[in-house]
Structure formats: structure tokens, C-alpha cells
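Novice: Provided below: coords00.cif, containing mmCIF, C-alpha atoms.
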data_work
#
loop_
_atom_site.label_atom_id
_atom_site.label_comp_id
_atom_site.auth_asym_id
_atom_site.auth_seq_id
_atom_site.Cartn_x
_atom_site.Cartn_y
_atom_site.Cartn_z
CA MET A 1 0.00 0.00 0.00
CA ALA A 2 1.31 3.40 -0.89
CA MET A 3 2.20 5.67 2.00
CA GLY A 4 1.33 9.32 1.59
CA ILE A 5 3.20 12.41 2.68
CA ILE A 6 -0.05 13.63 4.10
CA ASN A 7 -1.09 10.66 6.12
CA SER A 8 -4.59 11.85 6.88
CA THR A 9 -6.74 14.92 7.18
CA GLU A 10 -6.05 14.72 10.90
CA ASP A 11 -2.48 15.86 10.19
CA LEU A 12 -3.76 18.96 8.43
CA ARG A 13 -6.09 19.93 11.24
CA HIS A 14 -3.39 19.74 13.88
CA PRO A 15 -0.20 21.16 12.42
CA LEU A 16 2.79 21.09 14.70
CA PHE A 17 5.82 23.22 15.32
CA THR A 18 7.42 21.52 18.28
CA THR A 19 10.73 21.91 20.07
CA LEU A 20 11.06 18.15 20.17
CA ALA A 21 10.98 17.88 16.38
CA ALA A 22 13.35 20.85 16.06
CA ARG A 23 15.82 19.05 18.30
CA ARG A 24 15.40 15.82 16.33
CA GLY A 25 16.00 17.67 13.07
CA ALA A 26 19.03 19.51 14.42
CA VAL A 27 20.64 16.29 15.63
CA ALA A 28 19.93 14.50 12.36
CA ALA A 29 21.46 17.36 10.37
CA LEU A 30 24.57 17.82 12.55
CA PRO A 31 26.89 16.25 9.93
CA PHE A 32 25.94 19.12 7.62
CA ILE A 33 27.96 21.48 9.80
CA ALA A 34 31.01 19.64 8.48
CA SER A 35 29.91 19.15 4.89
CA ASN A 36 28.35 22.58 4.37
CA GLY A 37 31.30 23.99 6.29
CA ALA A 38 33.73 22.40 3.85
CA ALA A 39 31.72 23.69 0.88
CA GLY A 40 31.46 27.11 2.55
CA ILE A 41 35.23 27.19 2.95
CA VAL A 42 35.56 26.71 -0.79
CA MET A 43 33.15 29.61 -1.34
CA GLY A 44 35.02 31.82 1.14
CA VAL A 45 38.32 31.18 -0.62
CA ALA A 46 36.68 32.02 -3.95
CA TYR A 47 35.22 35.28 -2.62
CA LYS A 48 38.60 36.32 -1.31
CA GLY A 49 40.04 35.59 -4.73
CA LEU A 50 37.51 38.00 -6.27
CA GLY A 51 38.76 40.78 -4.03
CA LEU A 52 35.56 41.03 -1.99
CA GLY A 53 35.86 42.21 1.59
CA PHE A 54 35.21 39.90 4.53
CA LEU A 55 31.83 41.45 5.34
CA PRO A 56 30.38 41.23 1.81
CA ALA A 57 31.68 37.66 1.50
CA VAL A 58 29.92 36.56 4.68
CA LEU A 59 26.80 38.57 3.82
CA PHE A 60 26.56 36.74 0.50
CA SER A 61 26.30 33.40 2.27
CA LEU A 62 24.09 34.80 5.03
CA ILE A 63 21.56 36.70 2.91
CA VAL A 64 21.53 34.77 -0.35
CA TYR A 65 22.15 31.41 1.38
CA SER A 66 22.08 29.28 -1.74
CA ALA A 67 25.16 27.37 -2.83
CA THR A 68 23.84 26.89 -6.36
CA ALA A 69 22.85 30.52 -6.87
CA GLN A 70 26.07 31.77 -5.28
CA ALA A 71 28.17 29.50 -7.49
CA VAL A 72 26.39 30.79 -10.61
CA ILE A 73 26.72 34.40 -9.45
CA LEU A 74 30.38 33.84 -8.70
CA GLY A 75 30.86 32.92 -12.34
CA MET A 76 29.10 36.12 -13.44
CA TRP A 77 31.12 38.42 -11.20
CA SER A 78 32.56 41.52 -12.83
CA VAL A 79 33.17 45.16 -11.96
CA PRO A 80 30.65 46.67 -11.56
CA PRO A 81 28.50 43.62 -10.70
CA PRO A 82 25.61 43.00 -13.17
CA ALA A 83 22.90 43.10 -10.50
CA THR A 84 19.90 42.50 -12.78
CA ALA A 85 21.48 39.50 -14.49
CA MET A 86 22.47 38.12 -11.11
CA VAL A 87 18.92 38.48 -9.78
CA VAL A 88 17.55 36.65 -12.83
CA ALA A 89 20.17 33.91 -12.42
CA CYS A 90 19.19 33.56 -8.76
CA ILE A 91 15.49 33.23 -9.66
CA VAL A 92 16.21 30.62 -12.32
CA THR A 93 18.55 28.50 -10.21
CA ASN A 94 16.22 28.66 -7.19
CA ALA A 95 12.99 27.90 -9.10
CA ARG A 96 12.92 24.50 -7.45
CA TYR A 97 12.03 26.22 -4.16
CA LEU A 98 8.61 27.04 -5.62
CA LEU A 99 7.72 23.35 -5.78
CA MET A 100 9.18 22.74 -2.32
CA GLY A 101 7.09 25.63 -0.97
CA VAL A 102 3.89 24.26 -2.49
CA HIS A 103 4.64 20.88 -0.97
CA LEU A 104 5.44 22.37 2.44
CA ARG A 105 2.13 24.24 2.37
CA GLN A 106 0.39 20.87 2.06
CA LEU A 107 2.19 19.70 5.18
CA PHE A 108 2.06 22.90 7.25
CA ALA A 109 -1.04 24.67 5.92
CA GLU A 110 -2.20 25.86 9.31
CA VAL A 111 1.11 26.65 10.95
CA PRO A 112 1.08 30.45 11.49
CA LEU A 113 2.92 32.47 8.87
CA ARG A 114 4.82 34.30 11.61
CA LYS A 115 6.54 30.96 12.27
CA MET A 116 6.77 29.67 8.73
CA LEU A 117 8.11 32.76 6.94
CA PRO A 118 11.25 33.08 9.10
CA THR A 119 11.75 29.31 8.93
CA LEU A 120 11.58 29.37 5.13
CA PHE A 121 14.51 31.80 5.08
CA LEU A 122 16.67 28.78 5.91
CA LEU A 123 14.97 26.35 3.50
CA ALA A 124 17.52 24.20 1.68
CA ASP A 125 17.29 21.18 -0.61
CA ALA A 126 18.52 18.84 2.08
CA SER A 127 16.30 20.21 4.87
CA TRP A 128 13.25 19.89 2.60
CA LEU A 129 14.15 16.33 1.70
CA MET A 130 14.79 15.41 5.32
CA THR A 131 11.55 17.07 6.47
CA THR A 132 9.60 15.21 3.80
CA ALA A 133 11.00 11.88 4.95
CA ASP A 134 10.49 12.72 8.64
CA SER A 135 6.87 13.74 8.07
CA GLU A 136 6.20 10.27 6.69
CA ARG A 137 7.81 8.61 9.69
CA ASN A 138 6.57 10.88 12.47
CA GLY A 139 3.87 13.10 10.97
CA PRO A 140 4.23 16.69 9.73
CA ASP A 141 6.04 19.01 12.16
CA ALA A 142 7.51 22.30 10.95
CA GLY A 143 9.87 22.28 13.92
CA TYR A 144 11.84 19.58 12.13
CA LEU A 145 12.31 21.87 9.12
CA LEU A 146 13.71 24.62 11.33
CA GLY A 147 15.88 22.26 13.37
CA SER A 148 17.41 20.51 10.38
CA SER A 149 18.02 23.83 8.62
CA ILE A 150 20.06 25.41 11.42
CA PRO A 151 23.18 23.17 11.28
CA MET A 152 23.22 23.55 7.51
CA ALA A 153 23.17 27.35 7.79
CA ILE A 154 25.83 27.36 10.51
CA GLY A 155 28.07 25.20 8.35
CA TRP A 156 27.60 27.24 5.20
CA ILE A 157 27.93 30.72 6.70
CA GLY A 158 30.62 29.75 9.19
CA GLY A 159 32.53 27.90 6.48
CA THR A 160 32.49 30.96 4.24
CA ALA A 161 33.94 33.08 7.06
CA LEU A 162 36.58 30.44 7.80
CA GLY A 163 37.52 30.02 4.16
CA TYR A 164 37.97 33.74 3.83
CA GLY A 165 39.96 34.11 7.02
CA LEU A 166 42.23 31.08 6.89
CA PRO A 167 44.91 30.20 4.35
CA LEU A 168 43.25 26.94 3.35
CA GLN A 169 43.43 24.95 0.15
CA PRO A 170 40.22 22.92 -0.19
CA ALA A 171 41.33 19.61 -1.67
CA GLY A 172 41.60 15.89 -1.00
CA ALA A 173 39.35 14.30 1.60
CA LEU A 174 37.79 17.67 2.50
CA SER A 175 36.48 18.21 -1.01
CA VAL A 176 35.35 14.57 -1.35
CA ALA A 177 33.31 14.81 1.87
CA ALA A 178 31.86 18.18 0.92
CA ALA A 179 30.80 16.90 -2.46
CA LEU A 180 29.37 13.62 -1.25
CA LEU A 181 27.38 14.39 1.90
CA PRO A 182 24.22 15.85 0.32
CA LEU A 183 24.07 12.86 -2.05
CA ALA A 184 24.77 10.37 0.74
CA PHE A 185 22.02 11.86 2.87
CA ILE A 186 19.49 11.78 0.05
CA VAL A 187 20.15 8.16 -0.86
CA THR A 188 19.56 7.12 2.76
CA LEU A 189 16.02 8.49 2.28
CA LEU A 190 15.33 6.48 -0.87
CA PRO A 191 14.22 3.28 0.89
CA THR A 192 11.37 5.19 2.59
CA GLN A 193 10.03 6.15 -0.84
CA TRP A 194 10.29 2.75 -2.56
CA ARG A 195 6.79 1.37 -3.16
CA GLY A 196 7.68 -1.84 -4.95
CA LEU A 197 8.23 -2.63 -8.62
CA GLU A 198 5.72 0.01 -9.70
CA THR A 199 8.32 2.58 -8.65
CA ALA A 200 10.97 1.27 -11.06
CA LEU A 201 9.68 2.89 -14.28
CA PRO A 202 9.03 6.43 -12.97
CA TRP A 203 12.32 6.41 -11.04
CA SER A 204 14.19 5.29 -14.16
CA VAL A 205 12.58 8.09 -16.16
CA ALA A 206 13.41 10.60 -13.40
CA ALA A 207 17.04 9.46 -13.20
CA VAL A 208 17.68 9.41 -16.95
CA THR A 209 15.99 12.78 -17.43
CA ALA A 210 17.99 14.28 -14.56
CA MET A 211 21.27 13.09 -16.08
CA LEU A 212 20.27 14.47 -19.49
CA VAL A 213 19.38 17.81 -17.94
CA THR A 214 22.66 17.85 -16.03
CA SER A 215 24.64 17.32 -19.21
CA LEU A 216 22.66 19.85 -21.25
CA VAL A 217 21.67 22.59 -18.81
CA GLY A 218 23.33 21.97 -15.47
CA GLN A 219 22.65 20.26 -12.17
CA SER A 220 20.54 23.05 -10.67
CA TRP A 221 17.59 22.16 -12.95
CA ALA A 222 18.05 18.40 -12.82
CA MET A 223 16.05 17.65 -9.67
CA LEU A 224 13.11 19.80 -10.75
CA ILE A 225 12.85 18.58 -14.35
CA GLY A 226 13.87 14.96 -13.76
CA GLY A 227 11.66 14.64 -10.69
CA SER A 228 8.73 16.19 -12.52
CA ALA A 229 9.10 13.74 -15.41
CA GLY A 230 9.05 10.78 -13.04
CA THR A 231 6.14 12.23 -11.07
CA LEU A 232 4.14 12.68 -14.25
CA ILE A 233 4.66 9.02 -15.18
CA SER A 234 3.56 7.92 -11.69
CA PHE A 235 0.54 10.22 -11.86
CA ILE A 236 -0.61 9.05 -15.29
CA ARG A 237 -0.20 5.38 -14.33
CA GLY A 238 -2.14 5.94 -11.11
CA ASP A 239 0.60 4.42 -8.99
CA ASP A 240 -0.87 5.68 -5.72
CA VAL A 241 -4.54 5.05 -6.46
CA MET B 242 34.46 49.39 -6.47
CA SER B 243 32.21 51.06 -3.90
CA ASP B 244 30.92 49.03 -1.01
CA TRP B 245 27.36 50.31 -1.41
CA ARG B 246 27.19 48.90 -4.93
CA ILE B 247 28.35 45.49 -3.76
CA LEU B 248 26.04 45.55 -0.75
CA SER B 249 23.03 46.64 -2.83
CA THR B 250 23.74 43.77 -5.27
CA ILE B 251 23.90 41.32 -2.39
CA ALA B 252 20.63 42.73 -1.01
CA ALA B 253 18.88 42.42 -4.39
CA VAL B 254 20.04 38.85 -4.96
CA GLY B 255 19.19 37.98 -1.36
CA ALA B 256 15.68 39.38 -1.78
CA ALA B 257 15.21 37.29 -4.94
CA SER B 258 16.48 34.21 -3.14
CA TYR B 259 14.08 34.66 -0.21
CA ALA B 260 11.20 35.46 -2.57
CA MET B 261 11.68 32.10 -4.27
CA ARG B 262 11.68 30.34 -0.90
CA VAL B 263 8.38 31.84 0.27
CA SER B 264 6.51 32.30 -3.03
CA GLY B 265 5.58 28.66 -3.50
CA PHE B 266 4.40 28.41 0.09
CA LEU B 267 2.29 31.57 -0.11
CA ALA B 268 0.91 30.87 -3.58
CA ALA B 269 -0.11 27.35 -2.59
CA GLY B 270 -2.55 28.85 -0.10
CA ALA B 271 -4.54 30.20 -3.03
CA LEU B 272 -4.48 26.95 -4.99
CA PRO B 273 -7.37 24.46 -4.78
CA ASN B 274 -6.55 21.56 -2.49
CA THR B 275 -7.81 19.00 -5.00
CA GLY B 276 -7.19 15.29 -5.13
CA ALA B 277 -5.03 15.66 -8.23
CA LEU B 278 -2.75 18.22 -6.58
CA ARG B 279 -2.46 16.07 -3.49
CA ARG B 280 -1.57 13.04 -5.59
CA LEU B 281 1.08 14.96 -7.48
CA LEU B 282 2.67 16.21 -4.29
CA ARG B 283 2.50 12.77 -2.71
CA LEU B 284 4.26 11.22 -5.70
CA ALA B 285 6.83 13.99 -6.16
CA PRO B 286 9.34 13.45 -3.30
CA GLY B 287 10.59 9.99 -4.27
CA ASN B 288 11.01 11.08 -7.88
CA MET B 289 12.79 14.24 -6.75
CA PHE B 290 15.11 12.21 -4.50
CA ILE B 291 16.13 9.84 -7.29
CA ALA B 292 16.56 12.71 -9.77
CA PHE B 293 18.81 14.53 -7.29
CA ALA B 294 20.83 11.38 -6.65
CA ALA B 295 21.21 10.53 -10.34
CA ALA B 296 22.28 14.07 -11.23
CA SER B 297 24.77 14.16 -8.36
CA CYS B 298 26.31 10.83 -9.39
CA PHE B 299 26.46 11.95 -13.01
CA GLU B 300 28.11 15.24 -12.07
CA GLY B 301 30.43 13.80 -9.43
CA GLY B 302 31.66 10.81 -11.43
CA TRP B 303 32.94 7.53 -10.02
CA PRO B 304 33.58 8.74 -6.43
CA SER B 305 29.99 9.99 -6.13
CA LEU B 306 28.57 6.84 -7.73
CA ALA B 307 30.62 4.59 -5.45
CA GLY B 308 29.74 6.65 -2.39
CA GLY B 309 26.06 6.86 -3.25
CA LEU B 310 25.67 3.15 -3.98
CA SER B 311 27.60 2.24 -0.86
CA SER B 312 25.43 4.50 1.31
CA LEU B 313 22.25 3.13 -0.22
CA THR B 314 23.27 -0.50 0.19
CA THR B 315 24.37 0.04 3.77
CA MET B 316 21.12 1.87 4.59
CA VAL B 317 19.00 -0.94 3.14
CA VAL B 318 20.96 -3.56 5.11
CA THR B 319 21.54 -1.78 8.44
CA LYS B 320 18.81 0.93 8.48
CA ARG B 321 21.38 3.15 10.27
CA GLU B 322 22.10 6.56 8.78
CA TRP B 323 25.48 6.95 10.46
CA ALA B 324 26.62 3.61 9.07
CA ALA B 325 25.36 4.51 5.60
CA LEU B 326 27.16 7.87 5.64
CA THR B 327 30.40 6.36 6.91
CA ALA B 328 30.32 3.64 4.27
CA GLY B 329 29.60 6.24 1.60
CA PHE B 330 32.52 8.44 2.60
CA ALA B 331 34.89 5.49 2.70
CA ALA B 332 33.81 4.26 -0.73
CA ALA B 333 33.98 7.74 -2.26
CA ALA B 334 37.42 8.42 -0.77
CA MET B 335 38.75 5.11 -2.10
CA ALA B 336 37.25 5.73 -5.53
CA ALA B 337 38.79 9.23 -5.59
CA ALA B 338 42.17 7.93 -4.46
CA PHE B 339 42.31 5.19 -7.08
CA ARG B 340 40.71 7.15 -9.89
CA PRO B 341 42.83 6.79 -13.01
CA GLY B 342 44.53 9.91 -14.33
#
Output the structure of this file as C-alpha cells.
Specialist:
Amino acid sequence: MAMGIINSTEDLRHPLFTTLAARRGAVAALPFIASNGAAGIVMGVAYKGLGLGFLPAVLFSLIVYSATAQAVILGMWSVPPPATAMVVACIVTNARYLLMGVHLRQLFAEVPLRKMLPTLFLLADASWLMTTADSERNGPDAGYLLGSSIPMAIGWIGGTALGYGLPLQPAGALSVAAALLPLAFIVTLLPTQWRGLETALPWSVAAVTAMLVTSLVGQSWAMLIGGSAGTLISFIRGDDV
Amino acid sequence: MSDWRILSTIAAVGAASYAMRVSGFLAAGALPNTGALRRLLRLAPGNMFIAFAAASCFEGGWPSLAGGLSSLTTMVVTKREWAALTAGFAAAAMAAAFRPG
């Protein structure tokens, strides 16, 4: 039997934002302090190489807080900075957050906006994925989203500051760990989503499409387009009916 | 280059980034909560997960593929995240160390 993200209407009537779930999310995401920290160090070193000051470098990671968007913007950097083009690039690379937001609304429809809007400032791919999986195991609780997001933000912002301030060369095991952790975390969630052989075809379509998109357009669009292709196949076949 | 120009660029990009994070959430409040939309959102996460994993392996090459497969296998067998992550790192590090060229 297929398990749903929204387990029942009961979940929607009693949305939660608990400290307990926030703590559970924070503990589960602790390794991201290291991995996001390592990636942030790389970003900090790159910002220093551009000639940015320490404060603007840290503010980039604090205010924009998107590795993909920041990496794209880094490649567009010139003097003076092309602000309009950078804003457009940020919107395009972060379009996947629209889908995540729609999904989160399904889970946390009645959680007050005064709690959700600040929490969404820290929304990241990994915290969304982890929250989705946790909501299936323990029921929807927006506290988990906040809790899992905090270590990721600490790692990314702190790593940027460290990378800028220290004479580090990101290479070897550091770069391997930084590159692998998001992937490793996501694949540990896959078993919770496997619904038997009916899953094989849509997942194959999603994977192949994602790899095609990566080779043609870039990785930032791969999850959105590949995932949508697989979802469409599942939807048309009525896999969850 | 003046600091205000850099800071205003950071502020503009930051505003765009936050707008993307909240827009889907806010817009969804105005969308009909129909069965079709629910089904789509219920089916989406697994497909998103596998698309993310496939793209990451494709982009990262052999170390990412070895690490990802090792993490997945360990998770299926042990159901322990820490074991899956450790196995993934070890496999990725070995694949990176022995990568030809």
C-alpha cells in the first residue's frame, strides 16, 4: 500500500511546530555542519580571490544562502556587478524552491505564517528532503524543518567566514566529503520512498531525465525537471490510487 | 568598487532568493486543495530524490557513484544513517584515491 506524505486529514487539522521535532532535526542534520562547512570554505576562498571584503563575503552566504545561486553568481562576477542579471540567475537557479514551498504548504497549511516565513529563510534542498521523509515517519512538524536547517546554515555561513579568514586549500578528503554528503544523505532516504516494482519505471525516467538535464543545462535544474518527469509518469499510471 | 554597490547587489540577490523560498508556500494557499494536486505532491518526493541522486552521481563521477551506492546498500541492510554515511565516505574516498589519471 502506498504511503502518503499527508497521512490523513487529521495531520492537516493539527499542524505542529514543536521543540522536540526541532531538536530531532538539528541532531539528524549535525553532519551538515562539516559538509556545508567544507563547501562554505571553498566559497570563502573564492570570494577572497575576487577581491571582496570579509563582510560582503559573509553577507553573500548569510543573505543569499544558496550554494547553487552563489556559485552561478560567482561565475558572473565583474566590476561593476551586473545586478539585474544576477537576480535573474538567482530566480532561475532557485525555481525548485517554488515546488518545495507548495509541498510544504500541504504539510504545514495551518502553521502560522509568523513561524513559517522566518523558517523558510533557511529552506535548503537537504532540509526539505529530510523534512519530507520525517513527516512520513513521524507526521508533519515544521519544527523539524527549522531544526534541520540550522546546522546547515551554521556550516555554510561559518565555512564561508573560515575560508575567507584562513589560508586553506580545499582539496583531497575535504572536497570529497563536501561533495558527497548531500548525495549520501538523500540516498539514505530512498528506501522510505520505494513502493515496490511500480516505482521502477518512474524512477528510471526521473534518473535518466535528470542526467540528461545535467549534461545539457546543469545540475541546478536536474532535480526539478527529472523529478517532474518521473512524477508525471507515476501520476498518469495511477501508482498511488 | 564602492561598497554600497556590492552591498546593494547582495541585497537584491538575497531578496530574490528569499522570494523564491516563500513564493511557492504563499501561492499554494490560493491553490485548490484538490485530489489531483495532493496526488502529485505525494508522488513527487521519491522522484525528486532519485533525480537529485542521479544528477549528483552523473556530475560527481565515479567517487559519487561509489559513495552513493555504498550509502544506499548500507542503509538498506543496516537501516542506520550513520553507518550509511560512513560507508559512503569510505567508498567515495577510495574511488577518488584510485581514480585513473
Novice: Run the PyMOL selection byres ((chain A) within 6 of (chain B)) mentally over the shown coordinates, then write out the matched residues as a PyMOL selection string, using the chain letters and numbers from the document.
Specialist: chain A and resi 4-5+63-64+83+87+97-98+101-102+105+183-184+187-188+193+203+206-207+210-211+223+226-227+230-231
Novice: Please, what distance in Å, to one decimal, runs between CA of Val92 in chain A and CA of Leu129 in chain A?
Specialist: 20.1 Å
Novice: Could you work out how far CA of Asn36 in chain A lies from CA of Ile157 in chain A, giving the answer in Å with one decimal?
Specialist: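 If I compute the distance from CA of Ile157 in chain A to CA of Asn36 in chain A, I get 8.5 Å.
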Novice: Between CA of Pro31 in chain A and CA of Val111 in chain A, what is the spacing in Å?
Specialist: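 Taking CA of Val111 in chain A and CA of Pro31 in chain A, their separation equals 27.8 Å.
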Novice: Could you tell me, as a count of residues only, exactly which residues end up selected when the PyMOL selection byres ((chain A and resi 21-28) around 6) is applied to this structure?
Specialist: 9
Novice: I'd like the contact shell of range 112-119 of chain A - 6 Å cut-off, all atoms listed in the file, skipping same-chain residues fewer than 2 positions apart - returned as a PyMOL selection string.
Specialist: chain A and resi 121-122+146
Novice: Can you tell me which residues surround range 67-74 of chain A at a distance of at most 10 Å, considering only C-alpha atoms, apart from same-chain residues fewer than 6 positions away, and format the answer as a PDB file with C-alpha atoms, in the coordinates of the input?
Specialist:
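The resulting result24.pdb:
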ATOM      1  CA  ASN A  36      28.350  22.580   4.370  1.00  0.00           C
ATOM      2  CA  ALA A  39      31.720  23.690   0.880  1.00  0.00           C
ATOM      3  CA  GLY A  40      31.460  27.110   2.550  1.00  0.00           C
ATOM      4  CA  MET A  43      33.150  29.610  -1.340  1.00  0.00           C
ATOM      5  CA  ALA A  46      36.680  32.020  -3.950  1.00  0.00           C
ATOM      6  CA  TYR A  47      35.220  35.280  -2.620  1.00  0.00           C
ATOM      7  CA  LEU A  50      37.510  38.000  -6.270  1.00  0.00           C
ATOM      8  CA  PHE A  60      26.560  36.740   0.500  1.00  0.00           C
ATOM      9  CA  SER A  61      26.300  33.400   2.270  1.00  0.00           C
ATOM     10  CA  PRO A  81      28.500  43.620 -10.700  1.00  0.00           C
ATOM     11  CA  PRO A  82      25.610  43.000 -13.170  1.00  0.00           C
ATOM     12  CA  ALA A  83      22.900  43.100 -10.500  1.00  0.00           C
ATOM     13  CA  ALA A  85      21.480  39.500 -14.490  1.00  0.00           C
ATOM     14  CA  MET A  86      22.470  38.120 -11.110  1.00  0.00           C
ATOM     15  CA  VAL A  87      18.920  38.480  -9.780  1.00  0.00           C
ATOM     16  CA  ALA A  89      20.170  33.910 -12.420  1.00  0.00           C
ATOM     17  CA  CYS A  90      19.190  33.560  -8.760  1.00  0.00           C
ATOM     18  CA  ILE A  91      15.490  33.230  -9.660  1.00  0.00           C
ATOM     19  CA  VAL A  92      16.210  30.620 -12.320  1.00  0.00           C
ATOM     20  CA  THR A  93      18.550  28.500 -10.210  1.00  0.00           C
ATOM     21  CA  ASN A  94      16.220  28.660  -7.190  1.00  0.00           C
ATOM     22  CA  ALA A 124      17.520  24.200   1.680  1.00  0.00           C
ATOM     23  CA  TRP A 156      27.600  27.240   5.200  1.00  0.00           C
ATOM     24  CA  GLN A 219      22.650  20.260 -12.170  1.00  0.00           C
ATOM     25  CA  SER A 220      20.540  23.050 -10.670  1.00  0.00           C
TER      26      SER A 220
ATOM     27  CA  VAL B 254      20.040  38.850  -4.960  1.00  0.00           C
ATOM     28  CA  GLY B 255      19.190  37.980  -1.360  1.00  0.00           C
ATOM     29  CA  SER B 258      16.480  34.210  -3.140  1.00  0.00           C
TER      30      SER B 258
END
